[in-house]
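Asks: Coordinates in work.cif, mmCIF, C-alpha atoms and all ligand atoms, are listed below.
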```
data_run
loop_
_atom_site.label_atom_id
_atom_site.label_comp_id
_atom_site.auth_asym_id
_atom_site.auth_seq_id
_atom_site.Cartn_x
_atom_site.Cartn_y
_atom_site.Cartn_z
CA MET A 123 11.54 5.93 -1.55
CA THR A 124 10.24 5.17 -5.04
CA ASP A 125 12.12 4.82 -8.28
CA ALA A 126 10.87 7.74 -10.43
CA THR A 127 11.78 5.94 -13.66
CA ALA A 128 9.72 2.82 -12.84
CA PRO A 129 6.33 2.33 -14.53
CA LYS A 130 3.32 3.43 -12.48
CA LEU A 131 1.46 0.17 -12.69
CA ILE A 132 2.84 -2.65 -10.55
CA ASP A 133 1.93 -5.53 -12.81
CA GLY A 134 1.03 -8.63 -10.79
CA ARG A 135 0.88 -10.80 -13.91
CA GLU A 136 4.45 -10.04 -14.89
CA LEU A 137 5.85 -10.31 -11.36
CA ALA A 138 3.96 -13.52 -10.58
CA GLN A 139 5.21 -15.04 -13.83
CA ALA A 140 8.78 -14.18 -12.80
CA VAL A 141 8.26 -15.88 -9.42
CA ARG A 142 6.72 -18.96 -11.09
CA ASP A 143 9.64 -19.17 -13.51
CA GLU A 144 12.09 -19.05 -10.59
CA VAL A 145 10.17 -21.69 -8.64
CA ARG A 146 9.97 -23.94 -11.72
CA ALA A 147 13.74 -23.66 -12.24
CA ALA A 148 14.37 -24.41 -8.55
CA ILE A 149 12.06 -27.45 -8.71
CA ASN A 150 13.86 -28.71 -11.82
CA ASP A 151 17.13 -28.51 -9.88
CA TRP A 152 15.45 -30.21 -6.92
CA THR A 153 14.19 -33.16 -8.95
CA ASP A 154 17.52 -33.35 -10.85
CA GLU A 155 19.11 -33.93 -7.44
CA GLY A 156 16.92 -37.04 -7.14
CA HIS A 157 14.07 -35.67 -5.02
CA ARG A 158 10.45 -36.30 -5.96
CA PRO A 159 8.39 -33.21 -6.95
CA PRO A 160 6.91 -31.20 -4.06
CA PHE A 161 3.38 -32.28 -3.16
CA LEU A 162 0.63 -29.89 -2.04
CA SER A 163 -2.59 -31.18 -0.54
CA ALA A 164 -5.59 -28.82 -0.34
CA VAL A 165 -8.84 -29.37 1.52
CA LEU A 166 -11.98 -27.62 0.35
CA VAL A 167 -15.18 -27.85 2.39
CA GLY A 168 -18.50 -26.95 0.76
CA ASP A 169 -19.18 -25.27 -2.55
CA ASN A 170 -18.19 -21.65 -2.04
CA ALA A 171 -17.70 -20.48 -5.65
CA ALA A 172 -14.85 -18.09 -4.82
CA SER A 173 -12.99 -20.79 -2.84
CA GLU A 174 -13.42 -23.28 -5.69
CA ALA A 175 -12.00 -20.71 -8.11
CA TYR A 176 -9.01 -20.03 -5.79
CA VAL A 177 -8.26 -23.73 -5.46
CA ARG A 178 -8.49 -24.24 -9.24
CA GLY A 179 -6.07 -21.34 -9.69
CA LYS A 180 -3.65 -22.86 -7.19
CA GLU A 181 -3.82 -26.25 -8.96
CA LYS A 182 -3.13 -24.62 -12.33
CA ASP A 183 -0.14 -22.66 -11.02
CA ALA A 184 1.23 -25.73 -9.24
CA ALA A 185 1.03 -27.80 -12.44
CA GLU A 186 2.90 -25.08 -14.31
CA VAL A 187 5.90 -25.17 -11.96
CA GLY A 188 6.03 -28.94 -11.37
CA ILE A 189 4.26 -29.24 -8.01
CA ASP A 190 1.94 -32.24 -7.64
CA THR A 191 -1.42 -31.50 -6.01
CA ASN A 192 -4.42 -33.30 -4.63
CA THR A 193 -7.58 -31.48 -3.58
CA HIS A 194 -9.94 -33.14 -1.11
CA HIS A 195 -13.47 -31.87 -1.76
CA LEU A 196 -15.70 -32.36 1.28
CA ASP A 197 -19.45 -31.73 1.49
CA ALA A 198 -20.66 -28.54 3.16
CA ASP A 199 -22.19 -30.59 6.01
CA THR A 200 -18.94 -32.41 6.82
CA SER A 201 -18.50 -32.48 10.59
CA GLN A 202 -15.61 -30.75 12.28
CA SER A 203 -14.32 -34.06 13.62
CA ALA A 204 -14.35 -35.63 10.12
CA LEU A 205 -12.40 -32.64 8.80
CA LEU A 206 -9.91 -32.89 11.69
CA ASP A 207 -9.49 -36.63 10.99
CA LEU A 208 -8.56 -35.84 7.39
CA VAL A 209 -6.13 -33.12 8.49
CA HIS A 210 -4.47 -35.54 10.94
CA ASN A 211 -4.15 -38.17 8.20
CA LEU A 212 -2.56 -35.65 5.83
CA ASN A 213 -0.25 -34.46 8.62
CA ALA A 214 0.93 -38.06 9.06
CA ASP A 215 1.25 -38.80 5.33
CA PRO A 216 4.95 -38.54 4.39
CA SER A 217 4.08 -37.94 0.73
CA VAL A 218 2.37 -34.63 1.63
CA ASP A 219 4.79 -31.71 1.88
CA GLY A 220 2.39 -28.76 2.04
CA LEU A 221 -1.13 -28.80 3.46
CA LEU A 222 -3.76 -26.09 3.36
CA VAL A 223 -7.39 -25.90 4.32
CA GLN A 224 -9.15 -23.33 2.16
CA LEU A 225 -10.92 -20.62 4.15
CA PRO A 226 -13.63 -19.65 4.86
CA LEU A 227 -15.05 -22.82 6.40
CA PRO A 228 -18.79 -23.42 6.93
CA ASP A 229 -20.21 -21.80 10.09
CA HIS A 230 -20.48 -25.04 12.09
CA ILE A 231 -16.68 -25.53 11.91
CA ASP A 232 -14.34 -23.54 14.12
CA GLU A 233 -11.63 -22.19 11.81
CA GLN A 234 -9.13 -21.64 14.60
CA THR A 235 -9.36 -25.28 15.72
CA VAL A 236 -8.71 -26.46 12.17
CA ILE A 237 -5.80 -24.05 11.62
CA ASP A 238 -4.27 -25.22 14.91
CA ALA A 239 -4.56 -28.86 13.77
CA VAL A 240 -2.40 -28.44 10.67
CA ASP A 241 1.17 -29.66 11.22
CA PRO A 242 3.14 -26.37 11.41
CA SER A 243 5.92 -27.87 9.30
CA LYS A 244 3.39 -28.40 6.47
CA ASP A 245 1.44 -25.17 7.03
CA VAL A 246 2.24 -23.46 3.72
CA ASP A 247 -0.42 -20.79 4.39
CA GLY A 248 1.58 -19.76 7.47
CA PHE A 249 -1.59 -19.40 9.58
CA HIS A 250 -0.63 -21.78 12.42
CA PRO A 251 0.14 -19.93 15.69
CA GLU A 252 3.66 -21.37 15.69
CA ASN A 253 4.33 -19.91 12.26
CA LEU A 254 2.73 -16.57 13.15
CA GLY A 255 4.87 -16.51 16.30
CA ARG A 256 8.01 -17.19 14.29
CA LEU A 257 7.06 -14.37 11.94
CA LEU A 258 6.57 -11.98 14.88
CA ARG A 259 9.95 -13.02 16.29
CA GLY A 260 11.65 -12.35 12.96
CA THR A 261 12.58 -15.96 12.16
CA PRO A 262 9.77 -17.00 9.81
CA ARG A 263 9.32 -20.54 8.51
CA TYR A 264 6.39 -19.78 6.20
CA ILE A 265 5.22 -16.24 5.51
CA PRO A 266 1.47 -16.02 4.73
CA ALA A 267 1.24 -15.79 0.97
CA THR A 268 -0.56 -12.45 0.61
CA PRO A 269 1.77 -10.34 2.78
CA TYR A 270 4.72 -12.29 1.36
CA GLY A 271 3.51 -11.45 -2.16
CA ILE A 272 3.11 -7.76 -1.28
CA MET A 273 6.68 -7.57 0.07
CA GLU A 274 7.93 -9.24 -3.11
CA MET A 275 5.94 -6.84 -5.29
CA LEU A 276 7.51 -3.90 -3.48
CA SER A 277 11.07 -5.17 -3.68
CA ARG A 278 10.76 -6.33 -7.29
CA SER A 279 9.35 -2.89 -8.19
CA ASN A 280 12.29 -1.15 -6.49
CA VAL A 281 10.14 0.43 -3.80
CA ASP A 282 12.44 1.01 -0.85
CA THR A 283 10.28 1.04 2.27
CA GLU A 284 13.07 2.31 4.55
CA GLY A 285 11.67 5.19 6.62
CA MET A 286 8.33 5.21 4.80
CA ASP A 287 5.09 5.97 6.62
CA ALA A 288 3.16 2.79 5.82
CA VAL A 289 -0.56 2.66 6.53
CA VAL A 290 -2.26 -0.73 6.41
CA VAL A 291 -6.05 -0.66 6.35
CA GLY A 292 -7.23 -3.99 7.81
CA ARG A 293 -6.00 -6.03 10.78
CA SER A 294 -6.81 -9.61 9.82
CA ASN A 295 -4.51 -12.47 10.83
CA ILE A 296 -3.96 -13.40 7.19
CA VAL A 297 -3.21 -9.98 5.68
CA GLY A 298 -3.05 -6.85 7.85
CA LYS A 299 -1.26 -8.10 10.97
CA PRO A 300 1.43 -10.21 9.27
CA LEU A 301 2.04 -7.49 6.69
CA ALA A 302 2.46 -4.87 9.42
CA ASN A 303 5.06 -7.13 11.02
CA LEU A 304 6.95 -7.63 7.77
CA LEU A 305 7.03 -3.89 7.14
CA LEU A 306 8.38 -3.35 10.66
CA ARG A 307 11.29 -5.77 10.24
CA ARG A 308 14.77 -4.32 10.04
CA THR A 309 14.89 -5.45 6.43
CA ALA A 310 11.95 -3.12 5.59
CA ASN A 311 12.18 -0.39 8.25
CA ALA A 312 8.83 1.27 7.57
CA THR A 313 6.93 3.12 10.29
CA VAL A 314 3.64 1.30 10.38
CA THR A 315 0.09 2.35 11.26
CA VAL A 316 -2.64 -0.29 11.19
CA CYS A 317 -6.22 0.95 10.70
CA HIS A 318 -9.50 -0.91 11.11
CA SER A 319 -13.24 -0.36 11.20
CA ARG A 320 -13.04 1.53 14.51
CA THR A 321 -10.29 3.89 13.39
CA ARG A 322 -11.34 7.50 13.94
CA ASP A 323 -10.86 9.61 10.78
CA LEU A 324 -9.41 6.95 8.51
CA ALA A 325 -8.66 9.51 5.79
CA ALA A 326 -6.38 11.48 8.13
CA HIS A 327 -4.22 8.36 8.39
CA THR A 328 -4.33 7.29 4.76
CA ARG A 329 -3.46 10.83 3.58
CA ARG A 330 -0.12 10.75 5.34
CA ALA A 331 0.84 7.36 3.90
CA ASP A 332 3.85 7.05 1.63
CA LEU A 333 2.79 3.44 1.33
CA LEU A 334 -0.91 2.67 1.55
CA VAL A 335 -2.12 -0.92 1.68
CA ALA A 336 -5.88 -1.43 1.45
CA ALA A 337 -7.06 -4.77 2.83
CA ALA A 338 -10.53 -4.10 4.21
CA GLY A 339 -12.82 -5.90 1.76
CA GLN A 340 -14.82 -2.75 0.92
CA ALA A 341 -15.31 -2.14 -2.79
CA ALA A 342 -13.51 0.97 -4.10
CA PHE A 343 -13.77 2.79 -0.76
CA ILE A 344 -10.33 4.43 -0.92
CA ASP A 345 -10.76 7.41 -3.23
CA GLY A 346 -8.36 10.04 -4.52
CA ASP A 347 -9.06 12.41 -1.61
CA MET A 348 -7.74 9.80 0.82
CA VAL A 349 -4.36 9.45 -0.90
CA THR A 350 -1.39 11.78 -0.97
CA GLU A 351 0.40 12.72 -4.19
CA GLY A 352 3.25 10.29 -4.89
CA ALA A 353 2.06 7.46 -2.63
CA VAL A 354 2.62 3.79 -3.41
CA VAL A 355 -0.80 2.12 -3.29
CA ILE A 356 -1.25 -1.63 -2.87
CA ASP A 357 -4.80 -2.88 -3.30
CA VAL A 358 -5.41 -6.25 -1.64
CA GLY A 359 -9.21 -6.19 -1.78
CA ILE A 360 -11.11 -8.59 -3.98
CA ASN A 361 -14.78 -7.63 -4.05
CA ARG A 362 -17.54 -8.85 -6.31
CA VAL A 363 -19.84 -6.10 -7.53
CA GLU A 364 -22.94 -6.82 -9.58
CA ASP A 365 -22.51 -6.08 -13.25
CA ALA A 366 -25.26 -7.27 -15.57
CA SER A 367 -23.12 -6.46 -18.61
CA THR A 368 -20.70 -9.30 -17.82
CA GLU A 369 -21.32 -12.97 -18.54
CA ARG A 370 -20.90 -13.88 -14.85
CA GLY A 371 -23.17 -11.08 -13.66
CA TYR A 372 -20.43 -9.51 -11.55
CA ARG A 373 -16.97 -8.05 -11.82
CA LEU A 374 -14.06 -7.96 -9.41
CA VAL A 375 -12.95 -4.66 -7.95
CA GLY A 376 -10.42 -3.79 -5.30
CA ASP A 377 -10.72 -1.66 -2.17
CA VAL A 378 -9.24 1.25 -4.10
CA ASP A 379 -11.12 3.41 -6.59
CA PHE A 380 -8.45 2.77 -9.20
CA ASP A 381 -9.36 5.49 -11.73
CA ASP A 382 -9.64 8.14 -9.02
CA VAL A 383 -6.41 7.21 -7.20
CA ARG A 384 -4.19 6.32 -10.15
CA PRO A 385 -3.38 9.93 -11.18
CA LYS A 386 -2.03 10.71 -7.68
CA ALA A 387 -0.19 7.47 -7.01
CA ALA A 388 3.49 6.99 -7.83
CA ARG A 389 2.88 3.26 -8.07
CA ILE A 390 -0.35 1.29 -7.89
CA THR A 391 -1.50 -2.33 -8.19
CA PRO A 392 -4.60 -3.18 -10.25
CA VAL A 393 -7.45 -5.56 -9.36
CA PRO A 394 -7.59 -8.04 -10.96
CA GLY A 395 -4.00 -8.59 -12.06
CA GLY A 396 -2.29 -7.47 -8.87
CA VAL A 397 -1.80 -8.90 -5.39
CA GLY A 398 -4.00 -11.96 -5.98
CA LEU A 399 -1.65 -13.42 -8.58
CA MET A 400 1.38 -12.80 -6.38
CA THR A 401 -0.41 -14.50 -3.50
CA ARG A 402 -0.79 -17.62 -5.62
CA ALA A 403 2.84 -17.48 -6.71
CA MET A 404 4.14 -17.20 -3.14
CA LEU A 405 2.18 -20.28 -2.13
CA LEU A 406 4.28 -22.19 -4.68
CA LYS A 407 7.45 -20.85 -3.08
CA ASN A 408 6.20 -21.96 0.33
CA THR A 409 5.40 -25.43 -1.03
CA LEU A 410 8.93 -25.83 -2.35
CA GLN A 411 10.15 -24.69 1.06
CA ALA A 412 7.96 -27.39 2.65
CA ALA A 413 9.52 -30.06 0.44
CA ARG A 414 12.99 -28.88 1.45
CA LEU A 415 12.06 -28.92 5.14
CA ARG A 416 10.68 -32.46 4.82
CA ALA A 417 13.84 -33.63 3.09
CA GLU A 418 15.91 -32.11 5.91
CA GLY A 419 13.67 -33.91 8.39
CA SER A 420 12.62 -30.74 10.20
P1 LIG B 1 -11.22 -9.50 6.97
O1 LIG B 1 -12.68 -9.30 6.77
O2 LIG B 1 -10.73 -10.61 7.82
O3 LIG B 1 -10.60 -8.15 7.58
C1 LIG B 1 -10.96 -6.90 7.08
C2 LIG B 1 -10.30 -5.83 7.90
O4 LIG B 1 -10.64 -4.58 7.37
C3 LIG B 1 -10.75 -5.83 9.37
O5 LIG B 1 -9.62 -5.59 10.20
C4 LIG B 1 -11.74 -4.68 9.43
O6 LIG B 1 -11.76 -4.02 10.67
C5 LIG B 1 -11.17 -3.74 8.37
N1 LIG B 1 -12.22 -2.91 7.80
C6 LIG B 1 -13.40 -3.30 7.26
N2 LIG B 1 -14.09 -2.22 6.84
C7 LIG B 1 -13.34 -1.14 7.12
C8 LIG B 1 -13.52 0.25 6.94
N3 LIG B 1 -14.61 0.75 6.36
N4 LIG B 1 -12.55 1.08 7.36
C9 LIG B 1 -11.41 0.59 7.93
N5 LIG B 1 -11.19 -0.72 8.13
C10 LIG B 1 -12.13 -1.58 7.72
O7 LIG B 1 -10.61 -9.55 5.52
P2 LIG B 1 -9.23 -10.17 4.93
O8 LIG B 1 -8.07 -9.53 5.58
O9 LIG B 1 -9.33 -11.63 4.89
O10 LIG B 1 -9.35 -9.64 3.44
C11 LIG B 1 -9.43 -8.27 3.13
C12 LIG B 1 -9.69 -8.12 1.65
O11 LIG B 1 -8.60 -8.67 0.94
C13 LIG B 1 -10.94 -8.86 1.13
O12 LIG B 1 -11.48 -8.12 0.05
C14 LIG B 1 -10.38 -10.17 0.63
O13 LIG B 1 -11.17 -10.73 -0.40
C15 LIG B 1 -9.06 -9.70 0.08
N6 LIG B 1 -8.03 -10.73 0.06
C16 LIG B 1 -7.27 -10.76 -1.05
C17 LIG B 1 -6.24 -11.65 -1.15
C18 LIG B 1 -5.41 -11.61 -2.36
O14 LIG B 1 -4.71 -12.56 -2.62
N7 LIG B 1 -5.42 -10.52 -3.12
C19 LIG B 1 -5.97 -12.62 -0.10
C20 LIG B 1 -6.77 -12.44 1.09
C21 LIG B 1 -7.79 -11.53 1.14
P3 LIG B 1 -12.22 -4.75 12.04
O15 LIG B 1 -11.06 -5.61 12.43
O16 LIG B 1 -12.45 -3.62 12.98
O17 LIG B 1 -13.45 -5.55 11.70
#
```
Once more with this new file: its structure as structure tokens, please.

Replies:
Amino acid sequence: MTDATAPKLIDGRELAQAVRDEVRAAINDWTDEGHRPPFLSAVLVGDNAASEAYVRGKEKDAAEVGIDTNTHHLDADTSQSALLDLVHNLNADPSVDGLLVQLPLPDHIDEQTVIDAVDPSKDVDGFHPENLGRLLRGTPRYIPATPYGIMEMLSRSNVDTEGMDAVVVGRSNIVGKPLANLLLRRTANATVTVCHSRTRDLAAHTRRADLLVAAAGQAAFIDGDMVTEGAVVIDVGINRVEDASTERGYRLVGDVDFDDVRPKAARITPVPGGVGLMTRAMLLKNTLQAARLRAEGS
């Protein structure tokens, strides 16, 4: 159910700022109690421009709320064993509360092996199998930041997912699958369909969605014909499309054709200024959680 009086645009900037303000206040209380500030360690391998931009964004947000950070920049030709050695050292370092390895990794490194090596109690991305298992069981320790951010956007925008037909386009381990699980929980009670590249007649599914989440990584491929009147539309996609008129030579667009879908949607998130900012904000929440877990010795 949607709140008819709420504004159509779900503003990620505003909501993420609210989350950051809450995390900053909680960290102030935490340090007032005599604890040191939470510490987040990030590992970045290679020089992927998008990854560098994400990590810079995370550092900026962390500084704003009082989280200390350290980013380890490794060369693109770093061996898997050297990366695993660093991860093991950071796992063992008691000053590190949260640890993340920025994805994607270069082709010669097996991402799964690296994810599995991160201490699950420090795994603020929530990608470790233990944390995914806990999420599936309904007792999460860390919720992956993007699906966590989407659930926060919905609740903070007074979208009640109870009984909704939710259609998630995309089945990745970091977005689609965990989000589908969160929507299925008894706290959300949506009826969930997960679509992917082999789905027959995608539009037939998306058209019956009260809640449509697009997380496929295909620029503006959800158009107005694929959306029902009054749907809540969450656009996770971040796609670079060439645009010679911009200084950078590209612009960012979502998976949803915003101008085409907006008139039909009851609520919609923009790109940029939507899910991406909430994702960053939820990482801060997870890092504070990591500091609390460390202090409790768990
Ligand atoms: P993946 O590439 O891991 O997964 C994409 C999923 O979409 C796959 O399940 C794929 O199906 C499905 N898919 C691809 N094309 C189609 C299609 N034409 N029709 C139906 N399904 C399709 O991507 P991620 O989950 O990592 O990311 C998805 C998007 O979200 C990307 O644009 C990414 O940049 C963005 N993103 C944004 C974040 C944010 O903070 N806003 C955070 C993380 C990602 P199949 O499994 O069959 O291949």

Asks: Check which residues fall inside 8 Å of ligand LIG 1 (chain B) when counting only C-alpha atoms and all ligand atoms, and print them as a VMD selection string.

Replies: chain A and resid 267 to 268 291 to 298 317 to 321 324 336 to 341 343 357 to 361 376 to 377 396 to 402

Asks: Please check which residues have atoms at most 8 Å from (4.1, -22.7, -7.2) in the file's coordinates, counting all atoms listed in the file, and write them as a ChimeraX atom specification.

Replies: /A:142,145-146,180,183-189,402-410

Asks: Calculated over only C-alpha atoms, which of the candidates A:Asp332, A:Glu418, A:Asp282, A:Asp245 has the smallest distance to Gly352 of chain A?

Replies: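 For Gly352 of chain A, the nearest of the given residues is A:Asp332.
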
Asks: For the point (-8.9, -24.3, 1.8) in the file's frame, write as a list of chain:residue names all residues with an atom no more than 7 Å away, counting all atoms listed in the file.

Replies: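 So the residues meeting the distance criterion are A:Ala164, A:Val165, A:Leu166, A:Leu222, A:Val223, A:Gln224, A:Leu225.
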
Asks: Hey, what's within 8 Å of Leu212 of chain A if we count only C-alpha atoms and toss same-chain stuff fewer than 4 positions away? As a list in words, please?

Replies: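 Residues meeting the cut-off are Ser163, Leu208, Val218 and Leu221 of chain A.
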
Asks: Rank A:Leu196, A:Ala342, A:Met275, A:Val236 by their smallest atom-to-atom distance to Val209 of chain A, using only C-alpha atoms, and report the top residue only.

Replies: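 That would be A:Val236, the residue with the smallest distance to Val209 of chain A.
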
Asks: In Å, rounded to a single decimal, give me how far atom CA of Thr191 of chain A is from atom CA of Leu304 of chain A.

Replies: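 Taking atom CA of Leu304 of chain A as the start and atom CA of Thr191 of chain A as the end point, the length is 28.8 Å.
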
Asks: Select, from A:Thr368, A:Ser203, A:Gln139, A:Ser279, the residue with the minimum atom-to-atom distance to Arg389 of chain A, counting all atoms listed in the file.

Replies: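 That would be A:Ser279, the residue with the smallest distance to Arg389 of chain A.
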
Asks: Would you please work out which residue, of A:Gln234, A:Asn192, A:Gln202, A:Ser243, is nearest to Ala417 of chain A when using only C-alpha atoms?

Replies: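 Nearest to Ala417 of chain A: A:Ser243.
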
Asks: So that all listed atoms of segment 316-330 of chain A fit with 4 Å spare on each side, what axis-aligned box centre and edge lengths in Å, to one decimal, would you give as JSON?

Replies:
```
{"center_x": -6.7, "center_y": 5.3, "center_z": 9.0, "size_x": 21.1, "size_y": 20.4, "size_z": 18.9}
```

Asks: Would you mind reading off the distance between atom CA of Asn311 of chain A and atom CA of Glu284 of chain A, one decimal, in Å?

Replies: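 Pair atom CA of Asn311 of chain A / atom CA of Glu284 of chain A returns 4.7 Å.
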
Asks: Which residue is closest to Arg370 of chain A? Choose from A:Ile132, A:Ala331, A:Leu301, A:Ala171 and count all atoms listed in the file.

Replies: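 Checking each of A:Ile132, A:Ala331, A:Leu301, A:Ala171 against Arg370 of chain A, counting all atoms listed in the file, the winner is A:Ala171.
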
Asks: Let me make sure I understand: among A:Ala239, A:Leu374, A:Ala140, A:Val383, which one has the smallest atom-to-atom distance to Ala214 of chain A if we use only C-alpha atoms?

Replies: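 Under the stated criterion, the closest residue is A:Ala239.
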
Asks: Mind giving me the straight-line distance from atom CA of Val246 of chain A to atom CA of Gly220 of chain A in Å, one decimal?

Replies: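 Rounded to one decimal, the two atoms are 5.6 Å apart.
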
Asks: Quick one: everything within 8 Å of Pro242 of chain A, counting only C-alpha atoms, minus sequence neighbours fewer than 4 positions away in the same chain. Send it as a PDB file with C-alpha atoms, in the coordinates of the input.

Replies:
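Output contents, as saved in out.pdb:
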```pdb
ATOM      1  CA  GLY A 248       1.580 -19.760   7.470  1.00  0.00           C
ATOM      2  CA  HIS A 250      -0.630 -21.780  12.420  1.00  0.00           C
ATOM      3  CA  GLU A 252       3.660 -21.370  15.690  1.00  0.00           C
ATOM      4  CA  ASN A 253       4.330 -19.910  12.260  1.00  0.00           C
TER       5      ASN A 253
END
```
